[in-house]
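Undergrad: Below is the structure I would like to discuss, written out as structure tokens.
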Amino acid sequence: MAKETITRQEYRVVGKAVTRIDAAGKVTGKTVYADDMHLPRLLHAKLVMAPYAHARIKSIDSAKARRLPGVEAVVTAADLPPHRKNPSNRREVLLAEDEVLFYGQPVAAVLASDPHVAEEARDLVRVEYEELPPVVDPVAAMAEDSPLARSPVSEVDRTEEKGHIATGVEQREEQGKPSNIASEMSFKRGDLEEGFAGADAVVEGTWWSGMVHQSYIEPHVTIADYDATGELSIWTSTQAPFYIRDEVSEILEIPETKVRVTATEVGGGFGGKIFLYETLVAALAMVVRRPVKLTMSRKEDILAATPAPQAVVELKTGMKADGTLTALQARLIYDSGAFPGAPMLPGCLIIGGYYKCANLGIQGYEVLTNKVSVGALRAPGAHNATFAIESAVDMMARKLGLDPLEVRLKNAVEKGDPLPSGQPYPAIGLKECLQAISETAVWNERRDSRKHPNRPDGHPPARGVGLAVGGWLGGLQPASATVGLNGDGTINVIVGAADITGTNTSFAQIAAEELNVPMSMVNVTTGDTKTAPYAGMSAGSKTTFTVGRAVKLAADEARRQILEIAGHRLETAPDDLEMKDGVVRIKGSTDKTLTFGRIGHMSTGFAARYAPVVGTGTITARRQAPGFTVQIAEVEVDPDTGEVTLLRYAIAQDAGFAINPLSVEGQMQGGASQGLGIALSEEMVYDDKGRLLNPNFLDYRLPTTRDLPPIEAIIVEVPSEDGPYGARIVGEPSIVAGAAVIANAVADAAGVRVYDAPITPERVLRAMGKIKE
Amino acid sequence: MSKQIITLNVNGERQEIAVEPRWTLLYTVREALRLTGSKEGCGTGDCGACSMIVDGRLVTSCLMLAAQADGTEVTTIEGLAPSPVAGADGRLHPVQQAFIDTGAVQCGFCIPGMIMAAKTLLDANPNPTLDDVRLGLAGNLCRCTGYTKIYEAVLSAADRMR
Ligand code: FES
Ligand code: FES
């Protein structure tokens with residue numbers, strides 16, 4: 001339940017746990033996801049995917065596929081309508097044209113009215129390739145003499161990444177001699193040498209975290225239709241309808257007025273459903289002049305969407321005997337895959353962003369390889385960096401005999417402290433989260449976990465407790481919303497943001513709060529890009545923080561309009577009126593009243609006296625509301641198998657003000673579970689030819705119910721300066737800490753340190769010295 | 001491809017359907033009957049999003065061919081509530097209502113399968129412990145919730161059904 005850290009203002013609707021307004025459709029199977037849609041004359045697309053990580057396409061023979069009855073077309077890059085091309089921007093490489101850059105890259109599309117026929121025909125397309133040397137390991141790829149993963153990159157487009165995090169920092173694109181390093185950056189503060197000289201303990205290590213997939217349970221699905229008048233309609237499972245409209249319009253050179261993007265219900269996104277094959281599907285629809293649907297299979301989705309990068313983080317830190325952090329030196333290498341776009345910048349900010357430290361040196365590299373190019377996954381880049389810094393802090397505390405929680409409290413950043421970029425933090429709640437975790441049972445019973453009776457095999461149980469910090473800065477983008485009064489007195493809220501986390505429920509709460517009505521009087525709709533007021537992408541944890549403010553303003557404006565009509569009608573000043581439950585009355589009076597229904601009628605009916613009530617709210621957000629989390633685990637490590645069993649888990653997170661505590665808890669638990677997947681089992685494994693070995697849910701292991709105990713969620717509330725009612729970002733921070741939490745717990749339990757995530761049984765046994773090369 | 005007529009009793013209604021040999025039960029129910037509540041998350045039996053109850057057993061319908069299901073009784077998520085009118089009138093199945101009330105529903109994509117698995121579990125074991133629930137739902141992946149609220153939902157549904 002919400003924890004009182006600052007006296008919490010009480011409201012009528014916001015701040016109360018409410019069930020989601022879209023839940024009934026979801027439990028009955030009525031909710032329509034993109035793949036549930038059907039259009040007349042619909043064609044199904046199947047992609048021919050490259051079986052090499054790096055190759056030249058010599059020829060494509062589709063004659064046999066075309067001859068299969070039911071096949072409408074086989075489309076290659078040469079058949080696509082004219083469009084803008086930039087070989088360094090994955091969004092502008094619809095199909096591989098000459099060079100194949102990653103295993104699974106789409107090379108051609110087969111269209112048929114029956115999906116099975118399309119699949120059969122896909123296997124009949126013959127593509128001849130000439131293999132090129134694949135570049136697989138990002139560290140080796142940085143060497144001067146490494147082969148190049150691809151032709152040099154120019155004009156990197158970073159608009160998508162900016163939706164996730166606002167940094168105020170530009171990164172340097174690599175110019176000059178061709179190399180696999182797409183970009184690099186650095187932050188410096190103070191004097192590192194001095195910092196290390198003043199340290200009583202220095203810890204140095206290299207942390208590696210593997211490539212992981214967002215693994216939304218709904219694979220990517222897009223439908224596009226291009227009609228005779230030149231109108232393009234796209235229905236797609238996306239977090240970013242306006243961004244897709246803008247990009248598709250630019251790439252296909254169709255004005256934005258003629259592109260309608262409808263974000264269908266998103267069956268999980270987590271940053272992975274921003275933009276993928278929408279332009280391709282639109283282009284296919286333009287070729288055949290029939291509606292086209294692309295439903296990716298799980299295998300295709302794991303192979304060729306936008307997973308999260310592997311990263312190598314070299315970190316050296318120094319601490320004084322009293323626990324003061326004196327120096328932090330880091331080098332972060334993010335494997336971007338075949339196109340630029342790795343979250344190196346947020347990683348560099350995060351690694352030096354948790355603790356006060358006078359002396360910093362941070363370098364980041366974004367390296368190209370022949371793998372599928374990466375995208376965002378919930379706080380992109382942050383978990384890789386956090387795994388290193390949060391392991392190191394524990395190691396230093398252990399060396400100095402200090403309490404790991406106290407050490408963190410001592411150094412934790414507060415309002416006004418600078419990020420590595422120099423930018424000062426606004427109000428944040430890291431210390432409060434640490435405090436909250438210090439009150440959990442897992443923490444307070446940590447010494448008892450050793451006293452557990454022996455295991456059935458007679459071994460003493462290797463149990464231990466570990467904790468770690470996580471954080472995320474959040475994105476910024478403008479937003480708008482409208483709030484209107486219907487003829488019957490109910491309220492319509494219209495927004496342009498895709499609802500991926502229950503935000504529409506929170507908007508209903510906000511409108512209800514401002515108009516002092518029960519939520520049941522409010523309806524919230526996400527419009528399409530032709531009808532909805534603009535909103536940024538639902539990414540960067542910013543939807544409630546930004547769109548919520550717009551809804552609040554719009555509701556306030558609707559309220560003003562309602563009071564104005566009522567004031568005119570009741571012959572009194574609007575200030576003398578109050579409203580409750582859809583009734584406006586003169587303050588203190590019971591007989592002079594007017595219902596919302598009456599006002600709605602008087603502002604919408606024939607020859608109505610008053611103009612309709614429509615409030616508009618528009619905002620731009622310039623200051624972030626970063627979110628911090630602290631998480632703690634109790635684990636048991638099997639000394640024979642190296643298996644780590646999670647016994648208890650708790651997460652504290654600062655939500656600023658939890659507009660809907662039920663969904664905030666859900667975000668915390670869900671994000672934490674994804675962090676635990678990264679920590680324990682998830683890894684996309686490539687062979688030395690750059691072929692993905694595990695593109696399925698049997699071998700790419702998500703956490704199951706057997707792996708996860710109930711996760712205790714403790715909401716901390718340190719109000720943000722700008723968010724509605726003090727709300728701050730919520731969605732992303734929860735994923736960040738997992739790998740470090742587990743590594744620290746394993747170290748506590750088994751006395752060994754694992755530097756590679758996921759922390760698989762094999763890696764634990766290696767750390768124990770039980771497996772040698 | 002040549003088709004064969006099969007008979008299914010789906011949610012209490014008898015259906016004769018012409019199916020191709022390669023059609024799965026999931027594809028048949030979604031495309032031929034347009035009952036799209038059951039989802040495909042993997043197509044390989046690993047996620048449980050396609051779970052249906054076939055002759056009383058929980059089945060991953062993406063792995064069962066339609067022809068294999070000939071003559072069976074199939075319950076899908078659409079058949080669970082006697083009258084699945086949106087929530088308010090309490091006519092949902094207690095498992096469905098419990099999922100709503102505990103906040104166990106996020107993106108919703110896993111939910112139809114999860115609810116079918118939960119119902120099967122509760123039919124066999126009306127008084128499950130937390131461990132029973134964790135074991136019973138082990139074939140169903142949810143990426144959004146971390147399962148905590150799903151455990152609460154199933155335990156609460158058990159209470160409601162007693
Ligand atoms: S779709 Fe059948 S188990 Fe995943
Ligand atoms: S609610 Fe999204 S996968 Fe379970």
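Residue numbers start at 1 in each chain; chains themselves are named A, B, ... in the order of the structure tokens; ligands are numbered from 1 in the order shown.
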What lies within 7 Å of range 116-123 of chain B using only C-alpha atoms, ignoring chain neighbours under 5 positions off, as number ranges by chain?
TA: B: 51-52, 58, 77, 95, 136-137, 154, 158
Undergrad: Please find the residues contacting ligand 2 at a distance of at most 9 Å between atoms, with only C-alpha atoms and all ligand atoms counted, and report them as a list in words.
TA: Tyr216, Ile217, Glu218, Val266, Gly267, Gly268 and Gly269 of chain A; Ala49, Ala104, Val105, Gln106, Cys107, Gly108, Phe109, Cys110, Ile111, Met114, Asn140, Leu141, Cys142, Arg143, Cys144, Thr145, Gly146, Tyr147 and Ile150 of chain B
Undergrad: Quick one: write out the picked residues with N, CA and C atoms as a compact mmCIF listing (two decimals), in the first residue's frame?
TA:
```txt
# COMPACT_ATOMS: atom_id res chain seq x y z
N TYR A 216 6.97 -9.26 -25.38
CA TYR A 216 5.52 -9.04 -25.29
C TYR A 216 4.88 -10.33 -25.78
N ILE A 217 3.78 -10.74 -25.16
CA ILE A 217 3.20 -12.03 -25.56
C ILE A 217 2.51 -11.92 -26.93
N GLU A 218 2.07 -10.72 -27.28
CA GLU A 218 1.51 -10.52 -28.62
C GLU A 218 2.64 -10.14 -29.58
N VAL A 266 -2.49 -2.84 -27.42
CA VAL A 266 -1.12 -3.37 -27.47
C VAL A 266 -0.98 -4.54 -26.49
N GLY A 267 -0.69 -5.72 -27.04
CA GLY A 267 -0.53 -6.91 -26.19
C GLY A 267 0.86 -6.99 -25.60
N GLY A 268 1.27 -5.91 -24.97
CA GLY A 268 2.62 -5.81 -24.41
C GLY A 268 3.54 -5.11 -25.39
N GLY A 269 4.30 -4.16 -24.89
CA GLY A 269 5.22 -3.41 -25.77
C GLY A 269 6.59 -3.28 -25.13
N ALA B 49 -1.12 -18.88 -24.28
CA ALA B 49 -2.10 -17.85 -24.63
C ALA B 49 -3.29 -18.44 -25.41
N ALA B 104 -5.21 -7.93 -11.92
CA ALA B 104 -4.34 -8.93 -12.56
C ALA B 104 -4.28 -8.77 -14.08
N VAL B 105 -5.06 -7.84 -14.61
CA VAL B 105 -5.11 -7.67 -16.06
C VAL B 105 -4.32 -6.44 -16.47
N GLN B 106 -3.29 -6.65 -17.28
CA GLN B 106 -2.61 -5.47 -17.85
C GLN B 106 -2.87 -5.44 -19.35
N CYS B 107 -1.91 -5.84 -20.15
CA CYS B 107 -2.16 -5.76 -21.60
C CYS B 107 -3.28 -6.70 -22.01
N GLY B 108 -3.45 -7.77 -21.27
CA GLY B 108 -4.58 -8.66 -21.50
C GLY B 108 -4.33 -9.80 -22.46
N PHE B 109 -3.20 -9.80 -23.11
CA PHE B 109 -2.99 -10.79 -24.17
C PHE B 109 -2.88 -12.21 -23.63
N CYS B 110 -2.31 -12.36 -22.46
CA CYS B 110 -2.18 -13.70 -21.87
C CYS B 110 -3.43 -14.11 -21.13
N ILE B 111 -4.32 -13.13 -20.89
CA ILE B 111 -5.38 -13.32 -19.91
C ILE B 111 -6.40 -14.41 -20.30
N MET B 114 -4.76 -17.58 -19.51
CA MET B 114 -4.51 -17.65 -18.08
C MET B 114 -5.80 -18.01 -17.34
N ASN B 140 1.64 -21.06 -18.51
CA ASN B 140 1.11 -19.81 -19.06
C ASN B 140 2.03 -18.66 -18.75
N LEU B 141 2.56 -18.05 -19.81
CA LEU B 141 3.46 -16.91 -19.61
C LEU B 141 2.67 -15.62 -19.55
N CYS B 142 3.04 -14.76 -18.63
CA CYS B 142 2.54 -13.38 -18.63
C CYS B 142 3.77 -12.49 -18.54
N ARG B 143 3.87 -11.53 -19.41
CA ARG B 143 5.04 -10.67 -19.43
C ARG B 143 4.80 -9.38 -18.66
N CYS B 144 3.54 -9.07 -18.37
CA CYS B 144 3.24 -7.75 -17.81
C CYS B 144 3.21 -7.70 -16.30
N THR B 145 2.71 -8.74 -15.66
CA THR B 145 2.29 -8.60 -14.26
C THR B 145 3.29 -9.11 -13.24
N GLY B 146 4.26 -9.93 -13.68
CA GLY B 146 5.12 -10.58 -12.70
C GLY B 146 4.34 -11.62 -11.90
N TYR B 147 3.14 -11.90 -12.30
CA TYR B 147 2.26 -12.96 -11.75
C TYR B 147 1.69 -12.68 -10.38
N ILE B 150 -1.87 -12.11 -10.38
CA ILE B 150 -2.56 -13.29 -10.93
C ILE B 150 -2.72 -14.34 -9.82
```
Undergrad: Among range 307-384 of chain A, which residues carry a DSSP assignment of strand (DSSP E or B), reported as a compact mmCIF listing (two decimals) with all heavy atoms, in the first residue's frame?
TA:
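And here is the file that came out, result.txt:
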```txt
# COMPACT_ATOMS: atom_id res chain seq x y z
N ALA A 308 16.85 -5.72 -27.00
CA ALA A 308 17.71 -4.83 -26.21
C ALA A 308 19.14 -5.32 -26.28
O ALA A 308 19.39 -6.52 -26.34
CB ALA A 308 17.23 -4.79 -24.76
N ALA A 311 25.75 -5.53 -23.48
CA ALA A 311 26.70 -4.46 -23.17
C ALA A 311 27.83 -5.01 -22.32
O ALA A 311 27.65 -5.94 -21.53
CB ALA A 311 26.00 -3.32 -22.43
N VAL A 312 28.99 -4.43 -22.54
CA VAL A 312 30.16 -4.74 -21.74
C VAL A 312 30.48 -3.47 -20.95
O VAL A 312 30.63 -2.39 -21.54
CB VAL A 312 31.36 -5.11 -22.63
CG1 VAL A 312 32.60 -5.38 -21.79
CG2 VAL A 312 31.01 -6.32 -23.50
N VAL A 313 30.55 -3.58 -19.65
CA VAL A 313 30.80 -2.41 -18.83
C VAL A 313 32.04 -2.64 -17.97
O VAL A 313 32.06 -3.53 -17.12
CB VAL A 313 29.59 -2.09 -17.93
CG1 VAL A 313 29.87 -0.87 -17.07
CG2 VAL A 313 28.34 -1.85 -18.79
N GLU A 314 33.07 -1.86 -18.24
CA GLU A 314 34.28 -1.91 -17.41
C GLU A 314 34.15 -0.79 -16.39
O GLU A 314 33.93 0.37 -16.75
CB GLU A 314 35.53 -1.68 -18.27
CG GLU A 314 35.74 -2.76 -19.32
CD GLU A 314 36.69 -2.33 -20.42
OE1 GLU A 314 37.33 -1.27 -20.30
OE2 GLU A 314 36.76 -3.05 -21.42
N LEU A 315 34.29 -1.17 -15.13
CA LEU A 315 34.05 -0.18 -14.08
C LEU A 315 35.08 -0.29 -12.98
O LEU A 315 35.43 -1.39 -12.54
CB LEU A 315 32.64 -0.42 -13.49
CG LEU A 315 32.23 0.48 -12.32
CD1 LEU A 315 32.09 1.93 -12.75
CD2 LEU A 315 30.92 -0.02 -11.72
N LYS A 316 35.59 0.86 -12.56
CA LYS A 316 36.51 0.92 -11.43
C LYS A 316 35.98 1.98 -10.47
O LYS A 316 35.66 3.10 -10.90
CB LYS A 316 37.91 1.32 -11.95
CG LYS A 316 38.99 1.35 -10.91
CD LYS A 316 40.33 1.72 -11.57
CE LYS A 316 41.39 1.97 -10.52
NZ LYS A 316 42.63 2.50 -11.11
N THR A 317 35.85 1.62 -9.21
CA THR A 317 35.30 2.57 -8.25
C THR A 317 36.15 2.58 -6.99
O THR A 317 36.79 1.59 -6.65
CB THR A 317 33.87 2.17 -7.83
OG1 THR A 317 33.87 0.78 -7.51
CG2 THR A 317 32.88 2.43 -8.94
N GLY A 318 36.16 3.70 -6.30
CA GLY A 318 36.92 3.82 -5.06
C GLY A 318 36.04 4.36 -3.94
O GLY A 318 35.15 5.18 -4.17
N MET A 319 36.31 3.88 -2.72
CA MET A 319 35.51 4.31 -1.57
C MET A 319 36.41 4.49 -0.36
O MET A 319 37.35 3.73 -0.14
CB MET A 319 34.44 3.26 -1.29
CG MET A 319 33.41 3.67 -0.27
SD MET A 319 32.12 2.41 -0.10
CE MET A 319 30.99 2.88 -1.39
N LEU A 325 31.97 7.58 -1.50
CA LEU A 325 32.41 7.21 -2.84
C LEU A 325 33.35 8.31 -3.35
O LEU A 325 32.98 9.48 -3.37
CB LEU A 325 31.19 7.07 -3.75
CG LEU A 325 31.38 6.55 -5.16
CD1 LEU A 325 31.87 5.10 -5.14
CD2 LEU A 325 30.07 6.64 -5.94
N THR A 326 34.56 7.91 -3.76
CA THR A 326 35.53 8.95 -4.13
C THR A 326 35.80 9.03 -5.63
O THR A 326 36.20 10.07 -6.13
CB THR A 326 36.89 8.69 -3.44
OG1 THR A 326 37.35 7.39 -3.83
CG2 THR A 326 36.76 8.76 -1.93
N ALA A 327 35.63 7.92 -6.34
CA ALA A 327 35.94 7.94 -7.77
C ALA A 327 35.15 6.88 -8.50
O ALA A 327 34.87 5.80 -7.96
CB ALA A 327 37.44 7.71 -7.99
N LEU A 328 34.78 7.20 -9.73
CA LEU A 328 34.04 6.25 -10.58
C LEU A 328 34.52 6.41 -12.01
O LEU A 328 34.40 7.48 -12.60
CB LEU A 328 32.54 6.56 -10.46
CG LEU A 328 31.52 5.62 -11.10
CD1 LEU A 328 30.16 5.82 -10.47
CD2 LEU A 328 31.42 5.77 -12.61
N GLN A 329 35.10 5.32 -12.52
CA GLN A 329 35.60 5.35 -13.90
C GLN A 329 34.96 4.22 -14.67
O GLN A 329 35.02 3.06 -14.24
CB GLN A 329 37.12 5.20 -13.88
CG GLN A 329 37.74 5.29 -15.25
CD GLN A 329 39.26 5.24 -15.20
OE1 GLN A 329 39.83 4.79 -14.20
NE2 GLN A 329 39.91 5.71 -16.24
N ALA A 330 34.33 4.55 -15.79
CA ALA A 330 33.58 3.51 -16.50
C ALA A 330 33.76 3.64 -18.00
O ALA A 330 33.95 4.73 -18.54
CB ALA A 330 32.09 3.62 -16.16
N ARG A 331 33.68 2.47 -18.63
CA ARG A 331 33.71 2.42 -20.08
C ARG A 331 32.57 1.48 -20.46
O ARG A 331 32.56 0.31 -20.05
CB ARG A 331 35.06 1.86 -20.50
CG ARG A 331 35.40 1.94 -21.94
CD ARG A 331 36.91 1.65 -22.07
NE ARG A 331 37.29 1.57 -23.46
CZ ARG A 331 37.42 0.42 -24.13
NH1 ARG A 331 37.23 -0.73 -23.54
NH2 ARG A 331 37.77 0.43 -25.40
N LEU A 332 31.62 1.99 -21.21
CA LEU A 332 30.44 1.19 -21.54
C LEU A 332 30.38 0.95 -23.04
O LEU A 332 30.45 1.91 -23.82
CB LEU A 332 29.15 1.90 -21.11
CG LEU A 332 28.97 2.23 -19.63
CD1 LEU A 332 29.57 3.59 -19.31
CD2 LEU A 332 27.50 2.21 -19.25
N ILE A 333 30.26 -0.30 -23.42
CA ILE A 333 30.21 -0.65 -24.83
C ILE A 333 28.88 -1.31 -25.11
O ILE A 333 28.57 -2.38 -24.57
CB ILE A 333 31.37 -1.61 -25.19
CG1 ILE A 333 32.70 -0.92 -24.90
CG2 ILE A 333 31.28 -2.04 -26.65
CD1 ILE A 333 33.86 -1.88 -24.78
N TYR A 334 28.07 -0.65 -25.92
CA TYR A 334 26.76 -1.19 -26.27
C TYR A 334 26.81 -1.73 -27.69
O TYR A 334 27.26 -1.04 -28.61
CB TYR A 334 25.67 -0.11 -26.17
CG TYR A 334 25.26 0.16 -24.76
CD1 TYR A 334 25.96 1.08 -23.98
CD2 TYR A 334 24.18 -0.50 -24.19
CE1 TYR A 334 25.58 1.33 -22.67
CE2 TYR A 334 23.79 -0.26 -22.88
CZ TYR A 334 24.50 0.65 -22.13
OH TYR A 334 24.13 0.90 -20.83
N ASP A 335 26.32 -2.95 -27.85
CA ASP A 335 26.25 -3.59 -29.16
C ASP A 335 24.95 -3.17 -29.83
O ASP A 335 23.87 -3.55 -29.41
CB ASP A 335 26.29 -5.11 -28.95
CG ASP A 335 26.24 -5.89 -30.24
OD1 ASP A 335 26.04 -5.27 -31.32
OD2 ASP A 335 26.39 -7.12 -30.19
N SER A 336 25.08 -2.36 -30.85
CA SER A 336 23.89 -1.76 -31.47
C SER A 336 23.26 -2.67 -32.51
O SER A 336 22.15 -2.42 -32.96
CB SER A 336 24.30 -0.44 -32.12
OG SER A 336 23.17 0.30 -32.45
N GLY A 337 23.97 -3.74 -32.91
CA GLY A 337 23.48 -4.51 -34.04
C GLY A 337 23.81 -3.78 -35.32
O GLY A 337 24.71 -2.94 -35.37
N TYR A 355 24.81 8.08 -7.34
CA TYR A 355 25.52 8.48 -6.12
C TYR A 355 26.29 9.78 -6.33
O TYR A 355 26.76 10.07 -7.42
CB TYR A 355 26.49 7.36 -5.70
CG TYR A 355 25.76 6.07 -5.46
CD1 TYR A 355 25.88 4.99 -6.33
CD2 TYR A 355 24.89 5.96 -4.37
CE1 TYR A 355 25.18 3.82 -6.11
CE2 TYR A 355 24.17 4.79 -4.15
CZ TYR A 355 24.31 3.72 -5.03
OH TYR A 355 23.61 2.57 -4.82
N LEU A 360 34.63 11.70 -11.61
CA LEU A 360 33.98 10.80 -12.56
C LEU A 360 34.69 10.79 -13.89
O LEU A 360 35.17 11.83 -14.34
CB LEU A 360 32.59 11.33 -12.91
CG LEU A 360 31.35 11.14 -12.07
CD1 LEU A 360 30.17 11.72 -12.84
CD2 LEU A 360 31.12 9.67 -11.80
N GLY A 361 34.76 9.65 -14.52
CA GLY A 361 35.17 9.60 -15.92
C GLY A 361 34.38 8.49 -16.59
O GLY A 361 34.50 7.32 -16.24
N ILE A 362 33.53 8.85 -17.51
CA ILE A 362 32.65 7.86 -18.14
C ILE A 362 32.77 7.98 -19.65
O ILE A 362 32.69 9.07 -20.20
CB ILE A 362 31.18 8.10 -17.73
CG1 ILE A 362 31.02 7.96 -16.21
CG2 ILE A 362 30.24 7.13 -18.45
CD1 ILE A 362 29.68 8.42 -15.68
N GLN A 363 32.99 6.83 -20.27
CA GLN A 363 33.09 6.81 -21.73
C GLN A 363 32.09 5.81 -22.27
O GLN A 363 31.98 4.70 -21.74
CB GLN A 363 34.48 6.34 -22.15
CG GLN A 363 35.49 7.44 -22.27
CD GLN A 363 36.81 6.83 -22.67
OE1 GLN A 363 37.35 6.02 -21.92
NE2 GLN A 363 37.29 7.19 -23.84
N GLY A 364 31.40 6.17 -23.33
CA GLY A 364 30.45 5.24 -23.93
C GLY A 364 30.74 5.02 -25.40
O GLY A 364 31.18 5.93 -26.10
N TYR A 365 30.51 3.79 -25.84
CA TYR A 365 30.69 3.45 -27.25
C TYR A 365 29.47 2.70 -27.75
O TYR A 365 28.94 1.83 -27.07
CB TYR A 365 31.92 2.54 -27.45
CG TYR A 365 33.20 3.20 -27.04
CD1 TYR A 365 33.67 3.09 -25.74
CD2 TYR A 365 33.92 3.96 -27.95
CE1 TYR A 365 34.84 3.72 -25.35
CE2 TYR A 365 35.10 4.59 -27.58
CZ TYR A 365 35.54 4.47 -26.29
OH TYR A 365 36.70 5.08 -25.91
N GLU A 366 29.08 3.04 -28.95
CA GLU A 366 27.99 2.34 -29.60
C GLU A 366 28.61 1.64 -30.81
O GLU A 366 29.17 2.31 -31.69
CB GLU A 366 26.96 3.38 -30.06
CG GLU A 366 25.81 2.82 -30.80
CD GLU A 366 24.94 3.91 -31.40
OE1 GLU A 366 25.40 5.05 -31.58
OE2 GLU A 366 23.78 3.61 -31.70
N VAL A 367 28.54 0.32 -30.82
CA VAL A 367 29.30 -0.44 -31.80
C VAL A 367 28.37 -1.23 -32.71
O VAL A 367 27.41 -1.86 -32.25
CB VAL A 367 30.28 -1.41 -31.08
CG1 VAL A 367 31.10 -2.18 -32.10
CG2 VAL A 367 31.19 -0.62 -30.15
N LEU A 368 28.68 -1.20 -34.00
CA LEU A 368 27.87 -1.92 -34.98
C LEU A 368 28.38 -3.34 -35.15
O LEU A 368 29.59 -3.58 -35.21
CB LEU A 368 27.92 -1.21 -36.33
CG LEU A 368 27.33 0.20 -36.33
CD1 LEU A 368 27.63 0.90 -37.65
CD2 LEU A 368 25.82 0.15 -36.10
```
Undergrad: Which neighbours of Thr102 in chain B fall inside 9 Å, counting only C-alpha atoms, when residues of the same chain fewer than 6 positions from it are skipped, and could you give them as a list in words?
TA: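 The contact residues come out as Thr19 and Leu662 of chain A; Lys149, Ile150, Glu152, Ala153 and Ser156 of chain B.
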Undergrad: Got time to write the residues from that selection, C-alpha atoms, as a PDB file, in the first residue's frame?
TA:
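Output saved as result27.pdb:
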```pdb
ATOM      1  CA  THR A  19      -9.827  -1.426 -11.465  1.00  0.00           C
ATOM      2  CA  LEU A 662      -3.317  -0.780  -8.124  1.00  0.00           C
TER       3      LEU A 662
ATOM      4  CA  LYS B 149      -1.689 -10.210  -8.879  1.00  0.00           C
ATOM      5  CA  ILE B 150      -2.561 -13.290 -10.925  1.00  0.00           C
ATOM      6  CA  GLU B 152      -4.047 -13.159  -5.847  1.00  0.00           C
ATOM      7  CA  ALA B 153      -6.761 -13.395  -8.491  1.00  0.00           C
ATOM      8  CA  SER B 156      -9.538 -14.905  -4.546  1.00  0.00           C
TER       9      SER B 156
END
```
Undergrad: Kindly provide, as a PyMOL selection string, all nucleotide and amino acid residues lying within 9 Å of ligand 1, counting only C-alpha atoms and all ligand atoms.
TA: (chain A and resi 217+298+697) or (chain B and resi 26+38-51+59-63+113+139-141)
Undergrad: Could you work out which residues of chain A fall inside 7 Å of chain B? Count only C-alpha atoms, and format the result as a VMD selection string.
TA: chain A and resid 19 23 to 30 36 216 to 219 266 to 268 297 to 298 500 to 501 662 to 663 666 669 to 670 673 697 to 698 704 to 706 710 to 711
Undergrad: Of the candidates B:Lys3, B:Ile53, B:Ala124, B:Pro94, which shows the shortest atom-to-atom distance to Met161 in chain B, using only C-alpha atoms?
TA: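 Of the candidates, the smallest distance to Met161 in chain B is held by B:Pro94.
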Undergrad: Quick one: residues within 7 Å of range 463-475 of chain A, only C-alpha atoms, excluding same-chain residues fewer than 6 positions away - as a ChimeraX atom specification?
TA: /A:163-166,379,386,390,446,449-450,540-542,624-637,729,732-733,736-737,740-742,744-746,748-749
Undergrad: Quick check for you: according to DSSP on this backbone, which residues of range 36-148 of chain B are classed as helix (DSSP H, G or I)? Reply as JSON, numbers by chain.
TA: {"B": [67, 68, 69, 77, 78, 79, 87, 88, 89, 94, 95, 96, 97, 98, 99, 100, 101, 111, 112, 113, 114, 115, 116, 117, 118, 119, 120, 121, 122, 123, 124, 130, 131, 132, 133, 134, 135, 136, 148]}
Undergrad: Got a sec: who's within 8 Å of Pro695 in chain A, counting only C-alpha atoms, leaving out chain neighbours fewer than 4 positions off, as a PyMOL selection string?
TA: chain A and resi 298-300+302-303+684+699-700
Undergrad: Hey, what's within 9 Å of Arg245 in chain A if we count only C-alpha atoms and toss same-chain stuff fewer than 5 positions away? As a ChimeraX atom specification, please?
TA: /A:234,240,250,256,259-261,529
Undergrad: Of the candidates A:Phe242, A:Tyr686, A:Phe196, A:Phe657, which shows the shortest atom-to-atom distance to Tyr11 in chain A, using only C-alpha atoms?
TA: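 Residue with the minimum atom-to-atom distance to Tyr11 in chain A: A:Phe657.
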Undergrad: Counting only C-alpha atoms, what is within 7 Å of Val10 in chain B, bar same-chain residues fewer than 6 positions away, as a list in words?
TA: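 So, after excluding close chain neighbours, the residues are Glu73, Val74 and Thr75 of chain B.
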Undergrad: Can I get the selected residues back with N, CA and C atoms, as a PDB file, in the first residue's frame?
TA:
```
ATOM      1  N   GLU B  73     -15.755 -31.488 -27.345  1.00  0.00           N
ATOM      2  CA  GLU B  73     -16.408 -30.316 -26.766  1.00  0.00           C
ATOM      3  C   GLU B  73     -15.332 -29.326 -26.381  1.00  0.00           C
ATOM      4  N   VAL B  74     -15.465 -28.133 -26.905  1.00  0.00           N
ATOM      5  CA  VAL B  74     -14.425 -27.126 -26.717  1.00  0.00           C
ATOM      6  C   VAL B  74     -15.007 -25.935 -25.958  1.00  0.00           C
ATOM      7  N   THR B  75     -14.313 -25.508 -24.923  1.00  0.00           N
ATOM      8  CA  THR B  75     -14.705 -24.254 -24.268  1.00  0.00           C
ATOM      9  C   THR B  75     -13.577 -23.245 -24.460  1.00  0.00           C
TER      10      THR B  75
END
```
